[in-house]
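Peer 1: Input: one structure, supplied below.
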Amino acid sequence: TQSLSSGINAEYGRSDRKLDADLGLKDQLIDLLLCYNPIWLRLGLEVLYEEIIPLSEHRDLPGLLTFLNTRFVSNPLLASQYAHATVPGSYGAGYEQELRRFTLKKFLMLVLLLDTAKSARVIELDPCLFCLSSPHKTSRSLLITFSNTFLSGEGDVTKHLGYIGYKVQHEQKHIDEFDYSIKRISSDLRDGVRLARLAEIITETSLTDKLRTPVISKLQKEFNVALMLNQLMVEGVKLDNVPGGPITKYAVVQGNQKLTLALIWNIIFQYSINKILPLEQLRQEVGILREILSRKKQLKMKSAEQDDDDYVLGLPTRRLSVDERGFFKSEILVALLDWCKVVCSYYDVPVDNFTVSFSDGRVLCLLVHHYHPQLLPMNRIRMQTSLSHQIDELNASRDFFSTSSLSPNIHKDNDKENFRSLSDAMKGLNEVPYMITTNDMVGTIPDEKVVITFVAYLCAALVDISQDFRAAQKIQRAWRRTKFLQRHEEMMEKRRAIIKIQALARTTLAKRKLEELKLNREAIIAARKEFAARRIQKKWQDFVATKEARNEFKKKCVAVRKIQVVYKAILAERWRDRISAATLIQKTWRGHKERSRYRVMKTASTTIQSAYRMHVCRKEFARTKLAVQRIASSWKSRQVIKLARNDFLCKRSAVICLQKVARGYLARERVKKIRSAVLMQSLMRAYQTRAAAQEMRNKRELIARQIRSSVMIQRVMRGYLVRKHLQEQTNAAMLIQERFRSYLLMKLQRQNYQEIREKVVLLQSRIRGYLVRKHLALQHSAATRIQAAYRGHLARTYIQLQHYSATVIQEAVLGYLQMKADRAWFLQQRAAAVTIQAYWRMVVVMRDVELMRDAVTIIQSAWRMCKERRCYLQKKEAAARIQRAWRSARMRQQTRDQKLRVLRVVLMIQCNYRGRSLRTELVEQQQSAVRIQSMYRGYKVRREIDNQHKSAALIQNCYRGYKNMRCARTKFLAMRTCAILIQSHIRTLLVRKELARANRAATLIQSHYRGLCIRRSYLQQRSAVSVIQQHVHAWLVGRKRRQEYLKLREAAIVLQSRIRGTQTRQHIFKQAVSATKIQATWRMYITRTLYLNQRDAAVKIQATWRKHQHRRRYLAMRQRSIQIQAWYKMRRQQVAFKRLRQSAVTVQARWRGYAARKDYQRVRRAVVTVQAGIRGYKARRNVSLKRRILSQQLTLSQIRAIELLLT
């Protein structure tokens, strides 16, 4: 920057042009800057001035024009520094030079900055640096144009700037501006540029730099297509496995739709199906299915195992040859067909190919039923279809006694019913795109490529689900095995402890009794009898206790099985709830995406409308400006034409004189030649006569030969002279005719071209307007359908939730009653067992109870800790959300205040600038003539109207921004449940402050505006009364519109507050009802969770795993939906472009036919001219022959007369 500042000299600027006063010069400079893309121009200005430009969007050209007028071509700091102390609008010496230096420095820095930023690819999408309609495509040409217009004494300014290190090198090429949208496959893909771009995006390589653009000839198209095909072959895309023949560059260039579509399907198959369907995983799934199938066969048939490669459950399977593998010759498709065969072999349904075997819908329904029986039960699948009917007829032709009882119509109805069932089941599998229709499948041969794509997506989803189910089953089996082993070990330890305690007690009692018996021998017999009786009783008690324990264990097993059944049902319900919740989230997200897309399209349409209006205004101004320039330059052109005509007339007269002299000289030379020839002939004749007189008698033959030779020489000489003169005249006439005909032809062709061009432009404008209107109508209809579908979905969801909540409550009540009855029976049995058991067993049971009580206390404390931690985390998250909301609101308020301050400064600068310009214009009006005053007043009125339009547009943009902010804020309020009252009070306070600030700002603007009107009226009293009347009328209209606008704004604010209050109360009521239901459900869940606390670990593991799987499938489905949407948009753009291109091709064909007819007529006229020349030549040759014969006859008659005289 320092080197650039030191190298800039303001004296290089043109002193005859004042940048601060010449509005045309300012417009030229701004037009040069508007050659840049608005995105790059805004970025460069923000970096250069180190501030953010307040624009509604990147392509806000009125905002950019305002910034350029106020900050680029003028400088408020310099104006305040050099302003006159007492005379407003007057500046001191040096102001023009400093302003010229400032503008020159900013322009050069902006060009260098944008050139460097474009070379470094600062913006990720890397848009074009210059506009498509810009006359400048390089930074160097922009600098040269600026130098020629604004600098003096500079030729190539880039050489001078290169000495200080200022170098620009960006050049916008044709490939950078190429439109890659496709509207017709047969014509848009023939040049190879779009296909090469597609290959570049897919393979992540650089191909566009190697392309030959612009594409004009067929060789360039073949080169581009060959480059793309070679890159695809390197990446592994097969191009020779197409039934119609290999895909070559000649087929694509010639517009072969079949092979072009085959190429696109190959690319889809290579980069889509291979990614969603791994080959190893599919083979592993097929191996697992075959293993399960073989085990079932062994259990049912009890026969020898059969080879899996040849037979599956008694159904013969054969290997497909290369010619029978369908459209694509691929191993993954063979594995996919094997998977379909193995699954359908469970139900004895044969599968041979991807076309006819899938036409009745049985195979697709069986695939879904095999993995999801709850989505598609077996009783909904119709096995009697048209395909099975054809197989039965073939079997009937072999078996004489077989009959069929169903009609063909019933078979077709069964086919359609299968596809309807499949469509209903696909709603539960949201990640699978349903891309088939009943009409395309039933009663015809389906499209193999569509069936392959749909089956591939279905296989990927089902295989992932099967893996999830197998993993869950393994986890459940491992967990059950671990718990059973733990319980068995605990029971064995308890049993061993009881046996040891009983043995010790018995031995102790026996020893005591034996000691007593030793002391009393007499009681030995009685003691022995008593001991024997007690032993027998003990054995019997042990037998009875063992029997009761066995019965109790059996009852516990039955109760555990019932609990497992109930728990599995609960898990199934939870799984369905999660699926429905995921479906609701997905639908809500899609609706949000559609609404966001609609808002983006609405913003784009608003931008297009504003740009079009600006273009119309600029076009009208340019037309007016052009008319003024034409009027100004008409006199000069007339004088120049007059001088040129006089010069031309002088030169013409001189040329005519020269032509006369030359022609006279040529005629005199021709006469001299003729006279010399006549003299030579006369001398020759005299010589011949004298020789003939002397040697007449002896040499008559010699004389006759000499006479004939002399006649021949004369004839040849005369003919040569005549032909030469005729040839010269003919050439001159042909040259004049050719020039005149070419001028007439050129004039006619130009007129025809102008007419055709005007018709084509009109046709294109009509077609584009029709397409835009049609597109907007489609968008409106789509938005209406989406809204209706979403409202219906909300109603259905609410009904389903009501039904589901009632069902859950009923199941909870029934489960609680059953659990209460089982617990009462269990307590009775336990009390009886405790009463029967002995003292030591009671002690052991008490110990166990104490241990279990400690365990329950620990579990309860852990659960309470977890619950309290969840509540704490929820409160923490709610507080964080409230803080974020408050910070975002405060940031928005600060941003809005900053924008309002910038707006006030801009308005103040505009007022000062307008006052200064008005005072300058008044001084100039006093010094100018009446004619200049009238023109200037008209220009002033137009300028004031433009300023009013700009001010109105600025106010509209501010209001729209405020309206969009309020809408976003309302949506944000609907999502908050905890701090609604606090937020409403805070927002009410903020709105009141904002309204007070807006009123103060409006009062300030009105005061400034009124002061400006008073000053204008005072300064314009001396100019004209009409101007004062116009201003007063405009001021009154503006004040009236302002009052109407304020009334409408207040009414809108009141309506918005009422509507928002109603919506908030409804939302609070719904939340209260939902909270009551959630609390009741939560209490029931806590009660049952305390009873089933030992299974929480498995449930948590399964929930975490399922959540991970669902998220992965959701991301994959989202990526696929994005790809499908991109393909659909590309297809729609291709169709539109094809239609437009077809119209252009028709116009071109008409023009080429017209040109060919004109060429044919021209060639025909030339041929007719040549034929006429040849015929004239033949006629002249015949005349010359006749003359020769007559001359010979005259010579013979003269010889005979001479002989008669001599004799």
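Ligands are numbered from 1 in the order shown, residues from 1 within each chain, and chains are lettered A, B, ... in the order they appear in the structure tokens.
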What's around A:Thr588 at 10 Å? Count only C-alpha atoms, leave out sequence neighbours fewer than 6 positions away in its own chain, and write the answer as a PyMOL selection string.
Peer 2: chain A and resi 582+594+790+793-794
Peer 1: Go ahead and dump the residues you just picked, N, CA, C and O atoms, as a tab-separated table (two decimals), in the first residue's frame.
Peer 2:
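Below is the file out08.tsv, written as the result:
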chain	number	residue	atom	x	y	z
A	582	ALA	N	-39.29	-41.40	15.46
A	582	ALA	CA	-38.31	-41.11	14.40
A	582	ALA	C	-38.98	-40.66	13.12
A	582	ALA	O	-38.53	-39.73	12.44
A	594	GLU	N	-38.36	-28.04	3.52
A	594	GLU	CA	-39.18	-27.51	2.43
A	594	GLU	C	-39.51	-26.04	2.67
A	594	GLU	O	-39.48	-25.22	1.76
A	790	TYR	N	-49.03	-31.90	5.80
A	790	TYR	CA	-48.49	-31.75	7.16
A	790	TYR	C	-49.60	-31.55	8.18
A	790	TYR	O	-49.55	-32.11	9.29
A	793	HIS	N	-51.16	-34.86	8.71
A	793	HIS	CA	-50.25	-35.68	9.52
A	793	HIS	C	-50.33	-35.31	11.00
A	793	HIS	O	-50.32	-36.18	11.89
A	794	LEU	N	-50.43	-34.00	11.31
A	794	LEU	CA	-50.54	-33.58	12.70
A	794	LEU	C	-51.83	-34.10	13.33
A	794	LEU	O	-51.82	-34.60	14.48
Peer 1: Just want the 10 Å neighbourhood of A:Gln257, counted on only C-alpha atoms, with same-chain residues fewer than 5 positions away dropped. Output as a PyMOL selection string.
Peer 2: chain A and resi 184-187+189+251-252+262-263
Peer 1: Give me, as a list in words, all polymer residues having an atom no more than 12 Å from stretch 721-734 of chain A, counting only C-alpha atoms and skipping those fewer than 3 positions away in the same chain.
Peer 2: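 In the requested format, the answer is Leu666, Ala667, Arg670, Val671, Lys673, Ile674, Ala677, Gln714, Arg715, Val716, Met717, Arg718, Gln737, Glu738, Arg739, Phe740, Arg741, Ser742, Ala1166, Thr1169, Val1170, Gly1173, Gly1176, Tyr1177, Arg1180, Arg1181 and Ser1184 of chain A.
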Peer 1: Excluding A:Met601 and any residue of its chain fewer than 6 positions from it, enumerate the residues within 12 Å of it, using only C-alpha atoms, and give them as an MDAnalysis selection string.
Peer 2: chainID A and resid 594:595 607:608 775:776 779:780 783
Peer 1: For the residues in that selection, give me all heavy atoms as a JSON list (two decimals), in the first residue's frame.
Peer 2:
[["chain", "number", "residue", "atom", "x", "y", "z"],
["A", 594, "GLU", "N", -38.36, -28.04, 3.52],
["A", 594, "GLU", "CA", -39.18, -27.51, 2.43],
["A", 594, "GLU", "C", -39.51, -26.04, 2.67],
["A", 594, "GLU", "O", -39.48, -25.22, 1.76],
["A", 594, "GLU", "CB", -40.47, -28.33, 2.30],
["A", 594, "GLU", "CG", -40.26, -29.73, 1.75],
["A", 594, "GLU", "CD", -39.73, -29.71, 0.33],
["A", 594, "GLU", "OE1", -40.04, -28.75, -0.40],
["A", 594, "GLU", "OE2", -39.02, -30.65, -0.06],
["A", 595, "ARG", "N", -39.84, -25.70, 3.95],
["A", 595, "ARG", "CA", -40.13, -24.30, 4.24],
["A", 595, "ARG", "C", -38.91, -23.41, 4.05],
["A", 595, "ARG", "O", -39.00, -22.29, 3.53],
["A", 595, "ARG", "CB", -40.66, -24.17, 5.67],
["A", 595, "ARG", "CG", -42.06, -24.71, 5.87],
["A", 595, "ARG", "CD", -42.61, -24.31, 7.22],
["A", 595, "ARG", "NE", -41.87, -24.90, 8.32],
["A", 595, "ARG", "CZ", -42.11, -26.10, 8.83],
["A", 595, "ARG", "NH1", -43.10, -26.83, 8.35],
["A", 595, "ARG", "NH2", -41.38, -26.56, 9.83],
["A", 607, "THR", "N", -35.33, -10.95, -5.12],
["A", 607, "THR", "CA", -34.08, -10.38, -5.65],
["A", 607, "THR", "C", -34.15, -10.21, -7.16],
["A", 607, "THR", "O", -33.72, -9.19, -7.72],
["A", 607, "THR", "CB", -32.91, -11.31, -5.28],
["A", 607, "THR", "OG1", -32.91, -11.51, -3.87],
["A", 607, "THR", "CG2", -31.59, -10.69, -5.71],
["A", 608, "ILE", "N", -34.71, -11.24, -7.82],
["A", 608, "ILE", "CA", -34.83, -11.15, -9.28],
["A", 608, "ILE", "C", -35.74, -10.00, -9.68],
["A", 608, "ILE", "O", -35.45, -9.24, -10.61],
["A", 608, "ILE", "CB", -35.35, -12.49, -9.84],
["A", 608, "ILE", "CG1", -34.27, -13.59, -9.65],
["A", 608, "ILE", "CG2", -35.70, -12.37, -11.32],
["A", 608, "ILE", "CD1", -34.80, -14.98, -9.91],
["A", 775, "HIS", "N", -42.98, -22.22, -13.31],
["A", 775, "HIS", "CA", -42.20, -22.70, -12.16],
["A", 775, "HIS", "C", -42.76, -22.15, -10.85],
["A", 775, "HIS", "O", -42.89, -22.87, -9.84],
["A", 775, "HIS", "CB", -40.74, -22.28, -12.33],
["A", 775, "HIS", "CG", -39.83, -22.81, -11.27],
["A", 775, "HIS", "ND1", -39.65, -24.16, -11.06],
["A", 775, "HIS", "CD2", -39.07, -22.16, -10.37],
["A", 775, "HIS", "CE1", -38.81, -24.33, -10.07],
["A", 775, "HIS", "NE2", -38.43, -23.13, -9.62],
["A", 776, "LEU", "N", -43.14, -20.86, -10.84],
["A", 776, "LEU", "CA", -43.73, -20.28, -9.64],
["A", 776, "LEU", "C", -45.07, -20.94, -9.31],
["A", 776, "LEU", "O", -45.38, -21.19, -8.13],
["A", 776, "LEU", "CB", -43.91, -18.78, -9.83],
["A", 776, "LEU", "CG", -42.61, -17.94, -9.85],
["A", 776, "LEU", "CD1", -42.93, -16.50, -10.17],
["A", 776, "LEU", "CD2", -41.90, -18.04, -8.51],
["A", 779, "GLN", "N", -44.39, -24.23, -7.76],
["A", 779, "GLN", "CA", -43.93, -24.08, -6.38],
["A", 779, "GLN", "C", -45.08, -23.76, -5.44],
["A", 779, "GLN", "O", -45.17, -24.31, -4.33],
["A", 779, "GLN", "CB", -42.88, -22.97, -6.33],
["A", 779, "GLN", "CG", -41.52, -23.36, -6.94],
["A", 779, "GLN", "CD", -40.53, -22.25, -6.86],
["A", 779, "GLN", "OE1", -40.89, -21.13, -6.52],
["A", 779, "GLN", "NE2", -39.29, -22.54, -7.20],
["A", 780, "HIS", "N", -46.00, -22.87, -5.87],
["A", 780, "HIS", "CA", -47.15, -22.55, -5.02],
["A", 780, "HIS", "C", -48.02, -23.79, -4.78],
["A", 780, "HIS", "O", -48.46, -24.06, -3.66],
["A", 780, "HIS", "CB", -47.97, -21.44, -5.66],
["A", 780, "HIS", "CG", -47.34, -20.08, -5.55],
["A", 780, "HIS", "ND1", -47.04, -19.49, -4.33],
["A", 780, "HIS", "CD2", -46.92, -19.20, -6.50],
["A", 780, "HIS", "CE1", -46.48, -18.30, -4.53],
["A", 780, "HIS", "NE2", -46.39, -18.10, -5.83],
["A", 783, "ALA", "N", -46.22, -26.12, -2.40],
["A", 783, "ALA", "CA", -46.29, -25.63, -1.02],
["A", 783, "ALA", "C", -47.67, -25.89, -0.42],
["A", 783, "ALA", "O", -47.79, -26.29, 0.75],
["A", 783, "ALA", "CB", -45.97, -24.14, -0.99]]
Peer 1: So which residues touch A:Ile1101 within 12 Å, counting only C-alpha atoms, skipping near sequence neighbours fewer than 4 positions away, as number ranges by chain?
Peer 2: A: 471-472, 475-476, 479, 1095-1097, 1105-1108
Peer 1: With N, CA and C atoms retained, write the just-selected residues as a compact mmCIF listing (two decimals), in the first residue's frame.
Peer 2:
# COMPACT_ATOMS: atom_id res chain seq x y z
N ALA A 471 -27.43 -59.13 16.51
CA ALA A 471 -26.61 -58.62 17.61
C ALA A 471 -27.42 -58.54 18.91
N ALA A 472 -28.68 -58.06 18.82
CA ALA A 472 -29.53 -57.98 20.01
C ALA A 472 -29.82 -59.36 20.59
N ILE A 475 -26.75 -60.53 22.44
CA ILE A 475 -26.62 -59.85 23.74
C ILE A 475 -27.61 -60.42 24.75
N GLN A 476 -28.86 -60.65 24.30
CA GLN A 476 -29.86 -61.20 25.22
C GLN A 476 -29.49 -62.60 25.69
N TRP A 479 -26.62 -62.31 28.15
CA TRP A 479 -27.07 -61.78 29.44
C TRP A 479 -27.87 -62.81 30.23
N ARG A 1095 -33.03 -55.76 34.92
CA ARG A 1095 -32.93 -55.83 33.47
C ARG A 1095 -32.60 -54.47 32.84
N ASP A 1096 -32.33 -53.47 33.67
CA ASP A 1096 -32.07 -52.13 33.13
C ASP A 1096 -30.79 -52.07 32.30
N ALA A 1097 -29.81 -52.86 32.69
CA ALA A 1097 -28.52 -52.81 31.97
C ALA A 1097 -28.69 -53.24 30.52
N TRP A 1105 -27.43 -48.97 21.41
CA TRP A 1105 -27.07 -49.57 20.12
C TRP A 1105 -28.09 -49.22 19.03
N ARG A 1106 -29.38 -49.29 19.38
CA ARG A 1106 -30.40 -48.97 18.39
C ARG A 1106 -30.36 -47.50 17.99
N LYS A 1107 -30.09 -46.64 18.97
CA LYS A 1107 -29.98 -45.22 18.64
C LYS A 1107 -28.84 -44.97 17.67
N HIS A 1108 -27.71 -45.66 17.90
CA HIS A 1108 -26.58 -45.52 16.99
C HIS A 1108 -26.93 -46.01 15.59
Peer 1: Could you pull the residues within 10 Å of stretch 988-993 of chain A, counting only C-alpha atoms, minus those fewer than 4 positions along the same chain, as a short mmCIF file (atom, residue, chain, number, x, y, z; two decimals) with N, CA and C atoms, in the first residue's frame?
Peer 2:
data_model
loop_
_atom_site.label_atom_id
_atom_site.label_comp_id
_atom_site.auth_asym_id
_atom_site.auth_seq_id
_atom_site.Cartn_x
_atom_site.Cartn_y
_atom_site.Cartn_z
N ALA A 889 -30.61 -12.37 21.77
CA ALA A 889 -31.50 -11.21 21.68
C ALA A 889 -30.72 -9.91 21.87
N ARG A 890 -29.78 -9.93 22.86
CA ARG A 890 -28.98 -8.72 23.08
C ARG A 890 -28.08 -8.42 21.89
N GLN A 893 -30.19 -6.95 19.22
CA GLN A 893 -30.52 -5.56 19.53
C GLN A 893 -29.34 -4.64 19.25
N ILE A 982 -41.27 -14.87 31.78
CA ILE A 982 -40.13 -13.95 31.91
C ILE A 982 -39.76 -13.38 30.55
N GLN A 983 -39.69 -14.25 29.54
CA GLN A 983 -39.32 -13.79 28.20
C GLN A 983 -40.35 -12.82 27.63
N SER A 984 -41.66 -13.06 27.93
CA SER A 984 -42.69 -12.16 27.40
C SER A 984 -42.53 -10.75 27.99
N ARG A 997 -37.51 4.32 20.53
CA ARG A 997 -36.34 4.72 19.75
C ARG A 997 -36.73 5.00 18.29
N ALA A 998 -37.63 4.14 17.76
CA ALA A 998 -38.08 4.37 16.38
C ALA A 998 -38.85 5.69 16.27
N ASN A 999 -39.68 5.99 17.29
CA ASN A 999 -40.41 7.26 17.26
C ASN A 999 -39.46 8.45 17.32
N SER A 1057 -49.69 -8.85 18.26
CA SER A 1057 -49.68 -9.11 19.70
C SER A 1057 -50.87 -9.97 20.11
#
Peer 1: For atom CA of A:Arg1112 and atom CA of A:Ala1126, quote the distance in Å rounded to one decimal.
Peer 2: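 Pair atom CA of A:Arg1112 / atom CA of A:Ala1126 returns 21.3 Å.
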Peer 1: Provide the atom CA of A:Leu34 to atom CA of A:His136 distance in Å, to one decimal place.
Peer 2: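 For atom CA of A:Leu34 relative to atom CA of A:His136, the distance reads 10.6 Å.
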Peer 1: Kindly provide the residues of stretch 1063-1140 of chain A that approach stretch 449-468 of chain A to within 10 Å, each paired with its closest atom pair and their distance in Å to one decimal, based on only C-alpha atoms, listed by chain and increasing number, as JSON lines.
Peer 2:
{"residue": "A:Gln1102", "atom": "CA", "partner": "A:Asp468", "partner_atom": "CA", "distance": 9.7}
{"residue": "A:Trp1105", "atom": "CA", "partner": "A:Asp468", "partner_atom": "CA", "distance": 8.4}
{"residue": "A:Arg1106", "atom": "CA", "partner": "A:Asp468", "partner_atom": "CA", "distance": 7.7}
{"residue": "A:Gln1109", "atom": "CA", "partner": "A:Asp468", "partner_atom": "CA", "distance": 7.8}
{"residue": "A:His1110", "atom": "CA", "partner": "A:Ile465", "partner_atom": "CA", "distance": 9.9}
{"residue": "A:Arg1113", "atom": "CA", "partner": "A:Ala461", "partner_atom": "CA", "distance": 8.2}
{"residue": "A:Met1117", "atom": "CA", "partner": "A:Ala461", "partner_atom": "CA", "distance": 9.9}
Peer 1: Please save N, CA and C atoms of the selected residues as a compact mmCIF listing (two decimals), in the first residue's frame.
Peer 2:
# COMPACT_ATOMS: atom_id res chain seq x y z
N GLN A 1102 -29.20 -52.02 24.70
CA GLN A 1102 -29.97 -52.14 23.46
C GLN A 1102 -30.42 -50.76 22.95
N TRP A 1105 -27.43 -48.97 21.41
CA TRP A 1105 -27.07 -49.57 20.12
C TRP A 1105 -28.09 -49.22 19.03
N ARG A 1106 -29.38 -49.29 19.38
CA ARG A 1106 -30.40 -48.97 18.39
C ARG A 1106 -30.36 -47.50 17.99
N GLN A 1109 -27.61 -47.15 15.51
CA GLN A 1109 -28.00 -47.69 14.20
C GLN A 1109 -29.00 -46.78 13.50
N HIS A 1110 -29.98 -46.28 14.28
CA HIS A 1110 -30.97 -45.38 13.67
C HIS A 1110 -30.31 -44.11 13.15
N ARG A 1113 -28.53 -44.95 9.91
CA ARG A 1113 -29.47 -45.11 8.79
C ARG A 1113 -30.10 -43.77 8.40
N MET A 1117 -29.92 -42.20 4.79
CA MET A 1117 -31.14 -41.84 4.06
C MET A 1117 -31.15 -40.38 3.67
Peer 1: Would you mind telling me which residue in A:Tyr434, A:Tyr913, A:Tyr166, A:Trp825 lies nearest to A:Asn75 when using only C-alpha atoms?
Peer 2: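 Selected residue with least distance to A:Asn75: A:Tyr913.
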Peer 1: Return the single residue from A:Ser56, A:Gln1056, A:Gln28, A:Gln284 that is closest to A:Val73, with distances computed using only C-alpha atoms.
Peer 2: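 The answer is A:Gln28, which sits nearest to A:Val73.
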Peer 1: Using Å and a single decimal, report how far atom CA of A:Glu431 sits from atom CA of A:Glu280.
Peer 2: 21.5 Å
